[in-house]
$ cat coords.cif   # mmCIF, C-alpha atoms
data_input
#
loop_
_atom_site.group_PDB
_atom_site.id
_atom_site.type_symbol
_atom_site.label_atom_id
_atom_site.label_comp_id
_atom_site.auth_asym_id
_atom_site.auth_seq_id
_atom_site.Cartn_x
_atom_site.Cartn_y
_atom_site.Cartn_z
ATOM 1 C CA MET A 5 33.060 -29.544 -11.066
ATOM 2 C CA SER A 6 35.265 -32.662 -10.846
ATOM 3 C CA THR A 7 34.315 -35.713 -8.792
ATOM 4 C CA PRO A 8 36.946 -37.208 -6.416
ATOM 5 C CA THR A 9 37.907 -40.874 -6.852
ATOM 6 C CA ARG A 10 38.165 -43.269 -3.927
ATOM 7 C CA ASN A 11 41.809 -42.399 -3.363
ATOM 8 C CA GLY A 12 40.888 -38.716 -3.159
ATOM 9 C CA ARG A 13 42.336 -37.698 -6.502
ATOM 10 C CA ALA A 14 40.152 -36.120 -9.169
ATOM 11 C CA PRO A 15 39.909 -37.983 -12.449
ATOM 12 C CA SER A 16 41.325 -36.266 -15.514
ATOM 13 C CA LEU A 17 38.916 -35.028 -18.174
ATOM 14 C CA SER A 18 38.746 -37.234 -21.210
ATOM 15 C CA ALA A 19 38.892 -35.976 -24.761
ATOM 16 C CA ASP A 20 35.154 -36.633 -24.997
ATOM 17 C CA SER A 21 34.562 -34.402 -21.956
ATOM 18 C CA HIS A 22 36.531 -31.571 -23.557
ATOM 19 C CA ALA A 23 34.557 -32.023 -26.765
ATOM 20 C CA GLU A 24 31.267 -31.919 -24.894
ATOM 21 C CA ARG A 25 32.269 -28.731 -23.116
ATOM 22 C CA GLY A 26 33.393 -27.196 -26.384
ATOM 23 C CA SER A 27 30.172 -28.048 -28.190
ATOM 24 C CA ALA A 28 28.086 -26.718 -25.272
ATOM 25 C CA GLY A 29 30.076 -23.488 -25.299
ATOM 26 C CA ALA A 30 29.579 -23.113 -29.033
ATOM 27 C CA LEU A 31 25.836 -23.645 -28.606
ATOM 28 C CA ASP A 32 25.739 -21.097 -25.789
ATOM 29 C CA ARG A 33 27.455 -18.468 -27.940
ATOM 30 C CA TRP A 34 25.178 -19.260 -30.893
ATOM 31 C CA LEU A 35 22.089 -18.839 -28.731
ATOM 32 C CA LEU A 36 23.430 -15.568 -27.333
ATOM 33 C CA LYS A 37 23.947 -14.275 -30.874
ATOM 34 C CA ARG A 38 20.397 -15.303 -31.711
ATOM 35 C CA ILE A 39 19.028 -13.371 -28.696
ATOM 36 C CA VAL A 40 21.052 -10.259 -29.592
ATOM 37 C CA ALA A 41 19.824 -10.440 -33.196
ATOM 38 C CA ALA A 42 16.214 -10.748 -32.002
ATOM 39 C CA LEU A 43 16.776 -7.684 -29.818
ATOM 40 C CA GLY A 44 17.947 -5.732 -32.862
ATOM 41 C CA HIS A 45 21.637 -5.440 -31.910
ATOM 42 C CA PRO A 46 21.383 -2.683 -29.275
ATOM 43 C CA PRO A 47 24.576 -0.838 -28.178
ATOM 44 C CA VAL A 48 24.925 -3.156 -25.187
ATOM 45 C CA THR A 49 27.552 -5.771 -24.269
ATOM 46 C CA PHE A 50 26.175 -9.264 -23.641
ATOM 47 C CA ALA A 51 28.123 -11.652 -21.455
ATOM 48 C CA LEU A 52 27.922 -15.291 -20.389
ATOM 49 C CA TRP A 53 28.770 -16.870 -17.028
ATOM 50 C CA ASP A 54 32.104 -18.138 -18.403
ATOM 51 C CA GLY A 55 33.323 -14.608 -19.141
ATOM 52 C CA SER A 56 32.794 -14.672 -22.900
ATOM 53 C CA THR A 57 31.202 -11.520 -24.313
ATOM 54 C CA LEU A 58 29.451 -10.283 -27.410
ATOM 55 C CA ASP A 59 30.231 -6.604 -27.935
ATOM 56 C CA PRO A 60 28.287 -4.087 -30.047
ATOM 57 C CA LYS A 61 29.872 -2.427 -33.058
ATOM 58 C CA GLY A 62 29.962 0.974 -31.380
ATOM 59 C CA GLU A 63 30.216 2.204 -27.805
ATOM 60 C CA SER A 64 28.441 0.076 -25.195
ATOM 61 C CA VAL A 65 26.124 1.694 -22.636
ATOM 62 C CA GLY A 66 26.294 -1.279 -20.280
ATOM 63 C CA THR A 67 26.419 -5.045 -19.921
ATOM 64 C CA ILE A 68 23.746 -7.728 -19.611
ATOM 65 C CA THR A 69 25.168 -10.914 -18.098
ATOM 66 C CA PHE A 70 23.519 -14.335 -18.138
ATOM 67 C CA LYS A 71 24.721 -16.070 -14.986
ATOM 68 C CA ASN A 72 23.963 -19.640 -16.020
ATOM 69 C CA ARG A 73 23.038 -21.813 -18.980
ATOM 70 C CA SER A 74 19.461 -22.516 -17.873
ATOM 71 C CA THR A 75 18.674 -18.788 -17.904
ATOM 72 C CA LEU A 76 20.105 -18.427 -21.401
ATOM 73 C CA TYR A 77 17.956 -21.319 -22.574
ATOM 74 C CA ALA A 78 14.875 -19.863 -20.857
ATOM 75 C CA VAL A 79 15.279 -16.528 -22.664
ATOM 76 C CA THR A 80 15.724 -18.340 -25.967
ATOM 77 C CA ALA A 81 12.611 -20.450 -25.401
ATOM 78 C CA PHE A 82 10.394 -17.752 -23.854
ATOM 79 C CA PRO A 83 12.046 -14.354 -24.457
ATOM 80 C CA GLU A 84 9.944 -11.961 -22.352
ATOM 81 C CA ILE A 85 9.145 -14.344 -19.492
ATOM 82 C CA GLY A 86 12.663 -15.776 -19.452
ATOM 83 C CA PHE A 87 14.256 -12.352 -19.302
ATOM 84 C CA GLY A 88 11.802 -10.942 -16.754
ATOM 85 C CA ASP A 89 12.092 -13.955 -14.453
ATOM 86 C CA GLY A 90 15.856 -14.106 -14.911
ATOM 87 C CA TYR A 91 16.377 -10.505 -13.892
ATOM 88 C CA SER A 92 13.892 -10.492 -11.007
ATOM 89 C CA GLN A 93 15.430 -13.685 -9.601
ATOM 90 C CA GLY A 94 19.027 -12.422 -9.866
ATOM 91 C CA ARG A 95 20.049 -14.781 -12.677
ATOM 92 C CA ILE A 96 20.532 -11.905 -15.133
ATOM 93 C CA ASP A 97 22.703 -8.966 -14.136
ATOM 94 C CA ILE A 98 22.595 -5.483 -15.680
ATOM 95 C CA SER A 99 25.624 -3.255 -15.109
ATOM 96 C CA GLY A 100 26.445 0.222 -16.377
ATOM 97 C CA ASP A 101 23.781 2.873 -17.007
ATOM 98 C CA PHE A 102 20.688 0.842 -16.098
ATOM 99 C CA VAL A 103 18.168 3.226 -17.680
ATOM 100 C CA GLN A 104 20.189 3.537 -20.884
ATOM 101 C CA VAL A 105 20.601 -0.233 -21.179
ATOM 102 C CA LEU A 106 16.826 -0.701 -21.006
ATOM 103 C CA TYR A 107 16.121 2.321 -23.210
ATOM 104 C CA GLN A 108 18.532 1.214 -25.924
ATOM 105 C CA GLY A 109 17.265 -2.346 -25.710
ATOM 106 C CA PHE A 110 13.615 -1.409 -26.109
ATOM 107 C CA SER A 111 14.476 1.141 -28.831
ATOM 108 C CA ALA A 112 16.278 -1.553 -30.821
ATOM 109 C CA ILE A 113 13.342 -3.931 -30.381
ATOM 110 C CA ASP A 114 10.921 -1.242 -31.540
ATOM 111 C CA ALA A 115 13.032 -0.403 -34.587
ATOM 112 C CA GLY A 116 13.221 -4.043 -35.618
ATOM 113 C CA GLY A 117 9.552 -4.757 -35.027
ATOM 114 C CA PRO A 118 8.164 -6.167 -31.766
ATOM 115 C CA HIS A 119 7.245 -9.521 -33.313
ATOM 116 C CA LYS A 120 10.899 -10.487 -33.567
ATOM 117 C CA PHE A 121 11.838 -10.617 -29.871
ATOM 118 C CA LYS A 122 8.462 -11.970 -28.784
ATOM 119 C CA ARG A 123 8.761 -15.174 -30.808
ATOM 120 C CA ASN A 124 9.886 -18.272 -28.928
ATOM 121 C CA LEU A 125 12.311 -20.953 -30.075
ATOM 122 C CA VAL A 126 9.857 -22.413 -32.589
ATOM 123 C CA GLY A 127 8.651 -19.031 -33.824
ATOM 124 C CA ARG A 128 5.373 -18.821 -31.921
ATOM 125 C CA LEU A 129 4.037 -15.530 -30.598
ATOM 126 C CA PRO A 130 2.393 -15.230 -27.167
ATOM 127 C CA ARG A 131 -1.406 -15.284 -27.070
ATOM 128 C CA SER A 132 -3.512 -13.073 -24.861
ATOM 129 C CA ARG A 133 -5.861 -14.589 -22.324
ATOM 130 C CA ARG A 134 -9.530 -14.034 -23.135
ATOM 131 C CA ASN A 135 -11.293 -11.742 -20.699
ATOM 132 C CA THR A 136 -14.528 -13.613 -20.226
ATOM 133 C CA ARG A 137 -16.503 -12.755 -17.099
ATOM 134 C CA ASN A 138 -14.937 -15.528 -15.040
ATOM 135 C CA ALA A 139 -11.450 -15.045 -16.472
ATOM 136 C CA SER A 140 -11.616 -11.273 -15.897
ATOM 137 C CA ARG A 141 -12.291 -11.818 -12.196
ATOM 138 C CA LYS A 142 -9.297 -14.134 -12.002
ATOM 139 C CA HIS A 143 -7.015 -11.705 -13.840
ATOM 140 C CA ILE A 144 -8.100 -8.698 -11.785
ATOM 141 C CA HIS A 145 -7.751 -10.647 -8.545
ATOM 142 C CA GLU A 146 -4.185 -11.618 -9.498
ATOM 143 C CA HIS A 147 -3.265 -8.007 -10.248
ATOM 144 C CA TYR A 148 -5.261 -5.542 -8.142
ATOM 145 C CA ASP A 149 -5.913 -7.683 -5.086
ATOM 146 C CA LEU A 150 -2.224 -8.009 -4.256
ATOM 147 C CA GLY A 151 -2.909 -5.720 -1.313
ATOM 148 C CA ASN A 152 -3.435 -1.977 -1.015
ATOM 149 C CA ASP A 153 -0.267 -1.602 1.065
ATOM 150 C CA PHE A 154 1.803 -2.659 -1.940
ATOM 151 C CA TYR A 155 0.248 -0.044 -4.221
ATOM 152 C CA ARG A 156 0.459 2.615 -1.515
ATOM 153 C CA LEU A 157 4.249 2.306 -1.670
ATOM 154 C CA TRP A 158 4.481 3.950 -5.078
ATOM 155 C CA LEU A 159 1.175 5.640 -5.972
ATOM 156 C CA ASP A 160 0.139 9.153 -4.986
ATOM 157 C CA GLU A 161 -1.923 9.885 -1.895
ATOM 158 C CA ASP A 162 -5.244 9.301 -3.697
ATOM 159 C CA MET A 163 -4.052 5.986 -5.200
ATOM 160 C CA VAL A 164 -4.467 7.035 -8.836
ATOM 161 C CA TYR A 165 -2.949 4.289 -10.986
ATOM 162 C CA THR A 166 -3.259 5.739 -14.498
ATOM 163 C CA CYS A 167 -1.202 8.215 -16.546
ATOM 164 C CA ALA A 168 -0.553 11.532 -14.839
ATOM 165 C CA TYR A 169 -0.862 14.814 -16.768
ATOM 166 C CA TYR A 170 2.189 17.016 -16.199
ATOM 167 C CA GLU A 171 1.163 20.507 -17.274
ATOM 168 C CA THR A 172 4.519 21.930 -16.112
ATOM 169 C CA PRO A 173 7.917 20.346 -15.402
ATOM 170 C CA ALA A 174 7.606 21.450 -11.776
ATOM 171 C CA ALA A 175 4.370 19.537 -11.166
ATOM 172 C CA THR A 176 4.415 16.872 -8.471
ATOM 173 C CA LEU A 177 2.868 13.443 -8.955
ATOM 174 C CA GLU A 178 -0.110 14.540 -6.833
ATOM 175 C CA THR A 179 -0.773 17.736 -8.824
ATOM 176 C CA ALA A 180 -0.252 15.899 -12.117
ATOM 177 C CA GLN A 181 -2.868 13.318 -11.174
ATOM 178 C CA VAL A 182 -5.360 16.028 -10.197
ATOM 179 C CA ALA A 183 -4.661 17.735 -13.539
ATOM 180 C CA LYS A 184 -5.391 14.452 -15.327
ATOM 181 C CA MET A 185 -8.680 14.007 -13.491
ATOM 182 C CA ASP A 186 -9.711 17.579 -14.338
ATOM 183 C CA HIS A 187 -8.737 16.959 -17.952
ATOM 184 C CA VAL A 188 -11.057 13.932 -18.077
ATOM 185 C CA CYS A 189 -13.892 15.914 -16.477
ATOM 186 C CA ARG A 190 -13.530 18.729 -19.013
ATOM 187 C CA LYS A 191 -13.615 16.230 -21.887
ATOM 188 C CA VAL A 192 -17.102 15.024 -20.893
ATOM 189 C CA MET A 193 -18.227 18.566 -19.957
ATOM 190 C CA LEU A 194 -19.459 17.715 -16.457
ATOM 191 C CA LYS A 195 -22.004 20.005 -14.831
ATOM 192 C CA PRO A 196 -23.682 19.854 -11.396
ATOM 193 C CA GLY A 197 -26.552 17.381 -11.219
ATOM 194 C CA MET A 198 -25.368 15.165 -14.070
ATOM 195 C CA THR A 199 -25.212 11.390 -13.706
ATOM 196 C CA VAL A 200 -21.966 9.573 -14.527
ATOM 197 C CA VAL A 201 -21.109 5.889 -14.809
ATOM 198 C CA GLU A 202 -17.492 4.771 -14.593
ATOM 199 C CA ALA A 203 -16.248 1.377 -15.747
ATOM 200 C CA GLY A 204 -13.197 0.240 -13.807
ATOM 201 C CA CYS A 205 -12.830 2.784 -11.022
ATOM 202 C CA GLY A 206 -9.552 1.715 -9.415
ATOM 203 C CA TRP A 207 -9.398 2.989 -5.844
ATOM 204 C CA GLY A 208 -12.142 5.523 -6.550
ATOM 205 C CA ALA A 209 -10.152 8.750 -6.785
ATOM 206 C CA LEU A 210 -11.700 9.970 -10.050
ATOM 207 C CA ALA A 211 -15.257 9.213 -8.944
ATOM 208 C CA MET A 212 -14.795 11.157 -5.718
ATOM 209 C CA HIS A 213 -13.085 13.993 -7.588
ATOM 210 C CA MET A 214 -16.006 14.250 -10.018
ATOM 211 C CA ALA A 215 -18.562 14.270 -7.201
ATOM 212 C CA GLU A 216 -16.677 16.684 -4.955
ATOM 213 C CA HIS A 217 -15.495 19.224 -7.516
ATOM 214 C CA TYR A 218 -18.121 18.954 -10.287
ATOM 215 C CA GLY A 219 -21.273 18.188 -8.312
ATOM 216 C CA VAL A 220 -22.246 15.037 -10.198
ATOM 217 C CA ASN A 221 -23.625 11.690 -9.045
ATOM 218 C CA VAL A 222 -21.448 8.716 -9.930
ATOM 219 C CA LYS A 223 -21.939 4.967 -10.200
ATOM 220 C CA ASP A 224 -18.735 2.931 -10.367
ATOM 221 C CA PHE A 225 -18.306 -0.671 -11.486
ATOM 222 C CA ASN A 226 -15.226 -2.695 -10.589
ATOM 223 C CA ILE A 227 -14.495 -6.378 -9.890
ATOM 224 C CA SER A 228 -11.510 -5.890 -7.583
ATOM 225 C CA HIS A 229 -12.755 -6.585 -4.065
ATOM 226 C CA GLN A 230 -9.910 -4.758 -2.344
ATOM 227 C CA GLN A 231 -10.247 -1.662 -4.522
ATOM 228 C CA ILE A 232 -14.000 -1.451 -3.972
ATOM 229 C CA ALA A 233 -13.637 -1.861 -0.196
ATOM 230 C CA TYR A 234 -10.968 0.837 -0.082
ATOM 231 C CA ALA A 235 -12.999 3.219 -2.263
ATOM 232 C CA ARG A 236 -16.134 2.811 -0.136
ATOM 233 C CA GLY A 237 -14.178 3.584 3.014
ATOM 234 C CA ARG A 238 -12.610 6.686 1.470
ATOM 235 C CA ALA A 239 -15.986 7.944 0.217
ATOM 236 C CA ARG A 240 -17.515 7.589 3.692
ATOM 237 C CA ALA A 241 -14.568 9.400 5.280
ATOM 238 C CA ARG A 242 -14.947 12.289 2.813
ATOM 239 C CA GLY A 243 -18.736 12.465 3.175
ATOM 240 C CA LEU A 244 -19.327 11.500 -0.454
ATOM 241 C CA ASP A 245 -21.062 8.153 -0.086
ATOM 242 C CA ASP A 246 -24.436 9.751 -0.903
ATOM 243 C CA ARG A 247 -23.121 10.877 -4.316
ATOM 244 C CA VAL A 248 -20.770 8.030 -5.239
ATOM 245 C CA GLN A 249 -21.855 4.396 -5.375
ATOM 246 C CA PHE A 250 -19.156 1.731 -5.736
ATOM 247 C CA ILE A 251 -20.543 -1.518 -7.152
ATOM 248 C CA GLU A 252 -18.514 -4.734 -7.169
ATOM 249 C CA ASP A 253 -19.618 -6.061 -10.539
ATOM 250 C CA ASP A 254 -18.478 -6.566 -14.128
ATOM 251 C CA TYR A 255 -18.777 -3.596 -16.513
ATOM 252 C CA ARG A 256 -20.915 -5.757 -18.791
ATOM 253 C CA ASN A 257 -23.654 -5.670 -16.140
ATOM 254 C CA ILE A 258 -23.982 -1.867 -16.091
ATOM 255 C CA SER A 259 -27.615 -0.788 -16.418
ATOM 256 C CA GLY A 260 -29.466 2.528 -16.428
ATOM 257 C CA ARG A 261 -29.015 5.707 -18.466
ATOM 258 C CA PHE A 262 -26.351 8.319 -17.793
ATOM 259 C CA ASP A 263 -25.209 11.729 -18.973
ATOM 260 C CA ALA A 264 -21.574 10.634 -19.160
ATOM 261 C CA PHE A 265 -19.608 7.410 -19.504
ATOM 262 C CA VAL A 266 -16.033 7.350 -18.191
ATOM 263 C CA SER A 267 -13.434 4.605 -18.453
ATOM 264 C CA VAL A 268 -9.816 5.346 -17.533
ATOM 265 C CA GLY A 269 -7.143 2.683 -17.841
ATOM 266 C CA MET A 270 -9.540 -0.241 -18.287
ATOM 267 C CA LEU A 271 -9.458 -0.833 -22.048
ATOM 268 C CA GLU A 272 -6.183 -2.728 -21.597
ATOM 269 C CA HIS A 273 -8.059 -5.231 -19.414
ATOM 270 C CA VAL A 274 -10.997 -5.500 -21.822
ATOM 271 C CA GLY A 275 -8.886 -6.833 -24.700
ATOM 272 C CA PRO A 276 -9.575 -6.525 -28.457
ATOM 273 C CA ASP A 277 -11.795 -9.619 -28.425
ATOM 274 C CA HIS A 278 -14.248 -7.787 -26.175
ATOM 275 C CA TYR A 279 -14.152 -4.241 -27.578
ATOM 276 C CA SER A 280 -17.552 -4.763 -29.183
ATOM 277 C CA GLU A 281 -19.024 -5.754 -25.807
ATOM 278 C CA LEU A 282 -17.741 -2.541 -24.259
ATOM 279 C CA GLY A 283 -19.133 -0.587 -27.199
ATOM 280 C CA SER A 284 -22.539 -2.199 -26.707
ATOM 281 C CA VAL A 285 -22.524 -1.248 -23.036
ATOM 282 C CA ILE A 286 -21.726 2.376 -23.865
ATOM 283 C CA ALA A 287 -24.461 2.501 -26.517
ATOM 284 C CA ARG A 288 -26.948 1.033 -24.058
ATOM 285 C CA VAL A 289 -26.254 3.242 -21.037
ATOM 286 C CA LEU A 290 -25.295 6.607 -22.534
ATOM 287 C CA LYS A 291 -28.085 9.097 -23.144
ATOM 288 C CA GLU A 292 -28.596 10.284 -26.698
ATOM 289 C CA ASP A 293 -26.898 13.617 -26.005
ATOM 290 C CA GLY A 294 -24.403 12.186 -23.511
ATOM 291 C CA LEU A 295 -20.616 12.185 -23.801
ATOM 292 C CA GLY A 296 -18.155 9.409 -23.088
ATOM 293 C CA ILE A 297 -14.402 9.072 -22.771
ATOM 294 C CA ILE A 298 -12.153 6.026 -22.988
ATOM 295 C CA HIS A 299 -8.613 6.679 -21.790
ATOM 296 C CA SER A 300 -6.065 3.926 -22.299
ATOM 297 C CA VAL A 301 -2.390 3.174 -22.700
ATOM 298 C CA GLY A 302 -1.655 2.267 -26.297
ATOM 299 C CA ARG A 303 0.822 2.178 -29.160
ATOM 300 C CA ASN A 304 0.911 3.649 -32.630
ATOM 301 C CA ARG A 305 0.528 0.217 -34.234
ATOM 302 C CA PRO A 306 -0.842 -3.197 -33.283
ATOM 303 C CA THR A 307 1.589 -5.480 -31.480
ATOM 304 C CA PRO A 308 1.349 -9.020 -30.119
ATOM 305 C CA PRO A 309 0.555 -9.312 -26.397
ATOM 306 C CA SER A 310 3.398 -9.287 -23.906
ATOM 307 C CA ALA A 311 3.950 -12.740 -22.432
ATOM 308 C CA TRP A 312 5.465 -11.087 -19.331
ATOM 309 C CA LEU A 313 2.350 -8.982 -18.741
ATOM 310 C CA GLU A 314 0.076 -11.910 -19.469
#
$ encode --input "coords.cif" --output "structure tokens"
Amino acid sequence: MSTPTRNGRAPSLSADSHAERGSAGALDRWLLKRIVAALGHPPVTFALWDGSTLDPKGESVGTITFKNRSTLYAVTAFPEIGFGDGYSQGRIDISGDFVQVLYQGFSAIDAGGPHKFKRNLVGRLPRSRRNTRNASRKHIHEHYDLGNDFYRLWLDEDMVYTCAYYETPAATLETAQVAKMDHVCRKVMLKPGMTVVEAGCGWGALAMHMAEHYGVNVKDFNISHQQIAYARGRARARGLDDRVQFIEDDYRNISGRFDAFVSVGMLEHVGPDHYSELGSVIARVLKEDGLGIIHSVGRNRPTPPSAWLE
């Protein structure tokens, strides 16, 4: 943008100004090429705010546009956080087939190895936060205590947050979540009168399902205050509070002996640095002939942590 002089006329750009703009544009295009290379050259068009584009070799499924220079620099410096923030704040635009753009992008990243796109400008990979007792409370509070109304917008009626089990293509989200809970119960061979401990109970749906449909007594440990309060209220409303006990405490403080140990969707919050602690808890609380199940989201190979998720 030009600046008016005192007589109201804009000054002409000097040769130095043109040179500066040219060098900045060259740097912008170089950085864009670097980002596309780190992504693994997906079949997507990449565009800058000045209209310049970088097209794929084949057919493009859509366009990702960086709307300003600061966003481009942010993605170069902190790829996952820069891209996530840029898109959520409207500074990165995705046009065309949205799902295909993301699918092709993530497929290209996966094919090239996840380390490549995760590295920042100086080649450093993101580091995961350690889940000590105090840090775990902070992390869980930041995630699960956002408010139950938020989660109610997109979860099923029972507020089950983990992977659903679609036995048929016609299954609804609700029936798929019930099928998943039954699948977990079959894995640990639940029978009436057994005692079960669950580490990380979410909003309590699985615990109440086990008590109501399998006749077991359940103790649940969770450090999300809002989830525990919600689960206790639901158990009272369903007349299950004599068979399900929701305890607001860290899984590392579980005590007693149980016929079954259940943990669904919590291993991701434990973190590799604390796997041995979880293993010690299971060894301590599970009866000699007891069964346990750990259900988690995972990958086929180790990958660095996601800076966006962190």
$ atom_distance --input "coords.cif" --atom1 "atom CA of Gly109 of chain A" --atom2 "atom CA of Pro46 of chain A"
5.5 Å
$ residues_around --input "coords.cif" --residues "segment 92-102 of chain A" --least-positions-apart "3" --cutoff "10 Å" --atoms "all atoms listed in the file" --output "PyMOL selection string"
chain A and resi 48-53+64-76+86-89+105-107
$ atom_distance --input "coords.cif" --atom1 "atom CA of Thr136 of chain A" --atom2 "atom CA of Val248 of chain A"
27.1 Å
$ atom_distance --input "coords.cif" --atom1 "atom CA of Val200 of chain A" --atom2 "atom CA of Asn221 of chain A"
6.1 Å
$ resolve_selection --input "coords.cif" --expression "the PyMOL selection byres ((chain A and resi 227) around 12)" --output "PyMOL selection string"
chain A and resi 137-149+203-207+224-226+228-233+250-257+270+273
$ closest_residue --input "coords.cif" --among "A:Asp277, A:Asp245, A:Glu272, A:Glu84" --to "Ser300 of chain A" --atoms "all atoms listed in the file"
A:Glu272
$ resolve_selection --input "coords.cif" --expression "the PyMOL selection byres ((chain A and resi 153-162) around 12)" --output "number ranges by chain"
A: 147-152, 163-168, 176-182, 185, 206-213, 230-231, 234-235, 238-239
$ resolve_selection --input "coords.cif" --expression "the PyMOL selection byres ((chain A and resi 38) around 12)" --output "VMD selection string"
chain A and resid 31 to 37 39 to 45 50 58 76 to 77 79 to 81 83 120 to 121 123 to 125
$ residues_around --input "coords.cif" --residues "segment 190-194 of chain A" --least-positions-apart "3" --cutoff "7 Å" --atoms "all atoms listed in the file" --output "list in words"
Asp186, His187, Met198, Tyr218, Ala264, Leu295, Gly296 and Ile297 of chain A
$ closest_residue --input "coords.cif" --among "A:His299, A:Arg131, A:Arg240, A:Lys195" --to "Leu271 of chain A" --atoms "all atoms listed in the file"
A:His299
$ closest_residue --input "coords.cif" --among "A:Val222, A:Gly243, A:Pro306, A:Gln249" --to "Pro276 of chain A" --atoms "all atoms listed in the file"
A:Pro306
$ residues_around --input "coords.cif" --residues "Ser259 of chain A" --least-positions-apart "2" --cutoff "8 Å" --atoms "all atoms listed in the file" --output "compact mmCIF listing (two decimals) with C-alpha atoms, in the frame of the given file"
# COMPACT_ATOMS: atom_id res chain seq x y z
CA ASN A 257 -23.65 -5.67 -16.14
CA ARG A 261 -29.02 5.71 -18.47
CA ARG A 288 -26.95 1.03 -24.06
CA VAL A 289 -26.25 3.24 -21.04
$ axis_aligned_box --input "coords.cif" --around "segment 55-69 of chain A" --padding-each-side "4 Å" --output "JSON"
{"center_x": 28.5, "center_y": -6.2, "center_z": -25.6, "size_x": 17.6, "size_y": 24.9, "size_z": 23.0}
